[in-house]
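One structure is given here, and the rest of the page talks about it.
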Amino acid sequence: QVQLVESGGGLVQPGGSLRLSCAASGFTLDYYAIGWFRQAPGKEREGVSCISSSDGSTNYADSVKGRFTISRDNAKNTVYLQMNSLKPEDTAVYYCAAEKRITTLQAMCIYPSTFGYWGQGTQVTVSS
């Protein structure tokens with residue numbers, strides 16, 4: 001059974017850090033592009049960061065560039081999202097997604113519908 005499980009969310013003060021993990025089971029992440037998306041209450045799901053399956057190229061939303069870092073550990077079948085200098089506007093449910101049919105990473109990172117497999121999400125709350 002194909003499954004993605006996110007973890008690492010929580011409550012953090014502004015300026016703090018969190019590391020989200022996305023662990024896959026039932027398939028090997030090596031051949032999949034992975035995306036992190038987030039959805040705040042009343043807003044549409046938006047792309048945060050994506051990483052390719054082949055050359056490890058990455059893509060970031062402008063709002064998180066310089067603060068967030070995506071990485072993958074194929075040996076652990078896990079993708080991470082290191083989030084630093086967190087802001088209240090980063091508060092959202094964060095989802096990881098996987099897709100084997102890769103087109104343009106930048107485009108995939110904009111449109112959640114390009115990803116076929118999704119985790120259940122993990123809540124990130126940035127508040128003092």
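Simple scheme: letters A, B, ... for chains in structure tokens order, numbers from 1 for residues in each chain, numbers from 1 for ligands in the order shown.
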Legend entry - DSSP-assigned helix (DSSP H, G or I) members of range 26-107 of chain A, reported as a ChimeraX atom specification: /A:29-31,74-76,88-90,105-107
Dump of C-alpha atoms for the selected residues, as a PDB file, in the first residue's frame:
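Ended up saving to again.pdb:
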ATOM      1  CA  LEU A  29      10.949   7.551  -3.401  1.00  0.00           C
ATOM      2  CA  ASP A  30      14.075   7.456  -5.597  1.00  0.00           C
ATOM      3  CA  TYR A  31      12.030   7.677  -8.781  1.00  0.00           C
ATOM      4  CA  ASN A  74      16.831   7.905  -0.464  1.00  0.00           C
ATOM      5  CA  ALA A  75      18.404   5.364   1.883  1.00  0.00           C
ATOM      6  CA  LYS A  76      15.753   6.243   4.466  1.00  0.00           C
ATOM      7  CA  PRO A  88       3.273  33.675  11.613  1.00  0.00           C
ATOM      8  CA  GLU A  89       2.248  33.592   7.952  1.00  0.00           C
ATOM      9  CA  ASP A  90       3.901  30.186   7.640  1.00  0.00           C
ATOM     10  CA  LEU A 105       9.507  20.806 -11.587  1.00  0.00           C
ATOM     11  CA  GLN A 106       8.672  24.491 -11.308  1.00  0.00           C
ATOM     12  CA  ALA A 107       5.233  23.954 -12.853  1.00  0.00           C
TER      13      ALA A 107
END
Legend entry - Test item, strand (DSSP E) assignment across range 4-126 of chain A, answer as a PyMOL selection string: chain A and resi 4-7+10-12+18-25+33-39+46-51+58-60+68-73+78-83+92-99+117-118+122-126
Legend entry - Neighbour list for Ile70 in chain A as a PyMOL selection string, cut-off 12 Å, only C-alpha atoms, skip fewer than 3 positions in-chain: chain A and resi 19-22+33-37+48-52+56-61+64-67+73+78-84+96
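When only C-alpha atoms are used to measure the gap to Leu18 in chain A, the shortest distance among A:Lys43, A:Lys87, A:Arg72, A:Arg101 belongs to A:Lys87.
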Legend entry - Leu4 in chain A surroundings by only C-alpha atoms, 9 Å radius, close-in-sequence under 5 positions cut, as a VMD selection string: chain A and resid 22 to 26 96 to 98 117 to 120
Grab the residues selected above and save them as a PDB file, in the first residue's frame with all heavy atoms.
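Output below, filename part_1.pdb:
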ATOM      1  N   CYS A  22       8.895  13.487   5.643  1.00  0.00           N
ATOM      2  CA  CYS A  22       7.885  12.795   4.819  1.00  0.00           C
ATOM      3  C   CYS A  22       8.434  11.409   4.532  1.00  0.00           C
ATOM      4  O   CYS A  22       9.358  11.252   3.725  1.00  0.00           O
ATOM      5  CB  CYS A  22       7.644  13.567   3.538  1.00  0.00           C
ATOM      6  SG  CYS A  22       6.579  12.705   2.344  1.00  0.00           S
ATOM      7  N   ALA A  23       7.885  10.413   5.209  1.00  0.00           N
ATOM      8  CA  ALA A  23       8.360   9.040   5.060  1.00  0.00           C
ATOM      9  C   ALA A  23       7.427   8.263   4.143  1.00  0.00           C
ATOM     10  O   ALA A  23       6.203   8.325   4.295  1.00  0.00           O
ATOM     11  CB  ALA A  23       8.433   8.360   6.416  1.00  0.00           C
ATOM     12  N   ALA A  24       8.022   7.552   3.206  1.00  0.00           N
ATOM     13  CA  ALA A  24       7.229   6.781   2.248  1.00  0.00           C
ATOM     14  C   ALA A  24       7.262   5.298   2.586  1.00  0.00           C
ATOM     15  O   ALA A  24       8.279   4.779   3.051  1.00  0.00           O
ATOM     16  CB  ALA A  24       7.756   6.982   0.840  1.00  0.00           C
ATOM     17  N   SER A  25       6.168   4.640   2.343  1.00  0.00           N
ATOM     18  CA  SER A  25       6.112   3.185   2.471  1.00  0.00           C
ATOM     19  C   SER A  25       5.302   2.635   1.305  1.00  0.00           C
ATOM     20  O   SER A  25       4.428   3.303   0.774  1.00  0.00           O
ATOM     21  CB  SER A  25       5.470   2.771   3.799  1.00  0.00           C
ATOM     22  OG  SER A  25       4.160   3.256   3.899  1.00  0.00           O
ATOM     23  N   GLY A  26       5.644   1.435   0.906  1.00  0.00           N
ATOM     24  CA  GLY A  26       4.949   0.809  -0.199  1.00  0.00           C
ATOM     25  C   GLY A  26       5.518   1.167  -1.562  1.00  0.00           C
ATOM     26  O   GLY A  26       5.094   0.605  -2.574  1.00  0.00           O
ATOM     27  N   CYS A  96       3.046  16.568   2.200  1.00  0.00           N
ATOM     28  CA  CYS A  96       4.011  16.150   1.193  1.00  0.00           C
ATOM     29  C   CYS A  96       3.271  15.344   0.132  1.00  0.00           C
ATOM     30  O   CYS A  96       2.218  14.743   0.395  1.00  0.00           O
ATOM     31  CB  CYS A  96       5.160  15.353   1.776  1.00  0.00           C
ATOM     32  SG  CYS A  96       4.773  13.715   2.386  1.00  0.00           S
ATOM     33  N   ALA A  97       3.819  15.368  -1.064  1.00  0.00           N
ATOM     34  CA  ALA A  97       3.196  14.708  -2.203  1.00  0.00           C
ATOM     35  C   ALA A  97       4.275  14.094  -3.083  1.00  0.00           C
ATOM     36  O   ALA A  97       5.408  14.590  -3.111  1.00  0.00           O
ATOM     37  CB  ALA A  97       2.358  15.703  -3.002  1.00  0.00           C
ATOM     38  N   ALA A  98       3.915  13.048  -3.791  1.00  0.00           N
ATOM     39  CA  ALA A  98       4.871  12.352  -4.656  1.00  0.00           C
ATOM     40  C   ALA A  98       4.251  12.101  -6.021  1.00  0.00           C
ATOM     41  O   ALA A  98       3.039  11.880  -6.144  1.00  0.00           O
ATOM     42  CB  ALA A  98       5.285  11.030  -4.026  1.00  0.00           C
ATOM     43  N   TYR A 117       0.136  11.275  -5.251  1.00  0.00           N
ATOM     44  CA  TYR A 117       0.128  10.660  -3.917  1.00  0.00           C
ATOM     45  C   TYR A 117       0.316  11.743  -2.861  1.00  0.00           C
ATOM     46  O   TYR A 117       1.188  12.601  -3.007  1.00  0.00           O
ATOM     47  CB  TYR A 117       1.257   9.629  -3.791  1.00  0.00           C
ATOM     48  CG  TYR A 117       1.144   8.492  -4.759  1.00  0.00           C
ATOM     49  CD1 TYR A 117       1.938   8.441  -5.897  1.00  0.00           C
ATOM     50  CD2 TYR A 117       0.224   7.476  -4.543  1.00  0.00           C
ATOM     51  CE1 TYR A 117       1.846   7.396  -6.798  1.00  0.00           C
ATOM     52  CE2 TYR A 117       0.118   6.421  -5.441  1.00  0.00           C
ATOM     53  CZ  TYR A 117       0.926   6.386  -6.569  1.00  0.00           C
ATOM     54  OH  TYR A 117       0.811   5.350  -7.454  1.00  0.00           O
ATOM     55  N   TRP A 118      -0.475  11.642  -1.797  1.00  0.00           N
ATOM     56  CA  TRP A 118      -0.473  12.681  -0.762  1.00  0.00           C
ATOM     57  C   TRP A 118      -0.440  12.061   0.627  1.00  0.00           C
ATOM     58  O   TRP A 118      -1.024  10.993   0.855  1.00  0.00           O
ATOM     59  CB  TRP A 118      -1.724  13.551  -0.886  1.00  0.00           C
ATOM     60  CG  TRP A 118      -1.687  14.437  -2.081  1.00  0.00           C
ATOM     61  CD1 TRP A 118      -2.060  14.127  -3.354  1.00  0.00           C
ATOM     62  CD2 TRP A 118      -1.236  15.797  -2.107  1.00  0.00           C
ATOM     63  NE1 TRP A 118      -1.859  15.202  -4.176  1.00  0.00           N
ATOM     64  CE2 TRP A 118      -1.361  16.236  -3.445  1.00  0.00           C
ATOM     65  CE3 TRP A 118      -0.732  16.672  -1.148  1.00  0.00           C
ATOM     66  CZ2 TRP A 118      -1.007  17.534  -3.831  1.00  0.00           C
ATOM     67  CZ3 TRP A 118      -0.382  17.961  -1.536  1.00  0.00           C
ATOM     68  CH2 TRP A 118      -0.519  18.369  -2.863  1.00  0.00           C
ATOM     69  N   GLY A 119       0.209  12.767   1.540  1.00  0.00           N
ATOM     70  CA  GLY A 119       0.140  12.404   2.940  1.00  0.00           C
ATOM     71  C   GLY A 119      -1.057  13.060   3.597  1.00  0.00           C
ATOM     72  O   GLY A 119      -1.821  13.791   2.947  1.00  0.00           O
ATOM     73  N   GLN A 120      -1.188  12.827   4.895  1.00  0.00           N
ATOM     74  CA  GLN A 120      -2.353  13.322   5.626  1.00  0.00           C
ATOM     75  C   GLN A 120      -2.155  14.734   6.164  1.00  0.00           C
ATOM     76  O   GLN A 120      -3.105  15.378   6.597  1.00  0.00           O
ATOM     77  CB  GLN A 120      -2.701  12.367   6.778  1.00  0.00           C
ATOM     78  CG  GLN A 120      -1.895  12.583   8.054  1.00  0.00           C
ATOM     79  CD  GLN A 120      -0.429  12.197   7.941  1.00  0.00           C
ATOM     80  OE1 GLN A 120      -0.009  11.542   6.986  1.00  0.00           O
ATOM     81  NE2 GLN A 120       0.357  12.593   8.927  1.00  0.00           N
TER      82      GLN A 120
END
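Going from CA of Phe115 in chain A to CA of Thr91 in chain A covers 22.3 Å.
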Legend entry - Pick from A:Thr114, A:Asn77, A:Asp55, A:Val126 nearest to Gln3 in chain A, counting only C-alpha atoms: A:Asn77
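Using only C-alpha atoms for every distance, the candidate list A:Ser54, A:Ser71, A:Gln39, A:Ser85 yields A:Ser85 as the residue closest to Ser17 in chain A.
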Legend entry - Point-to-point distance in Å for CA of Ala92 in chain A and CA of Pro112 in chain A: 15.5 Å
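The spacing separating CA of Gly16 in chain A from CA of Leu86 in chain A amounts to 5.5 Å.
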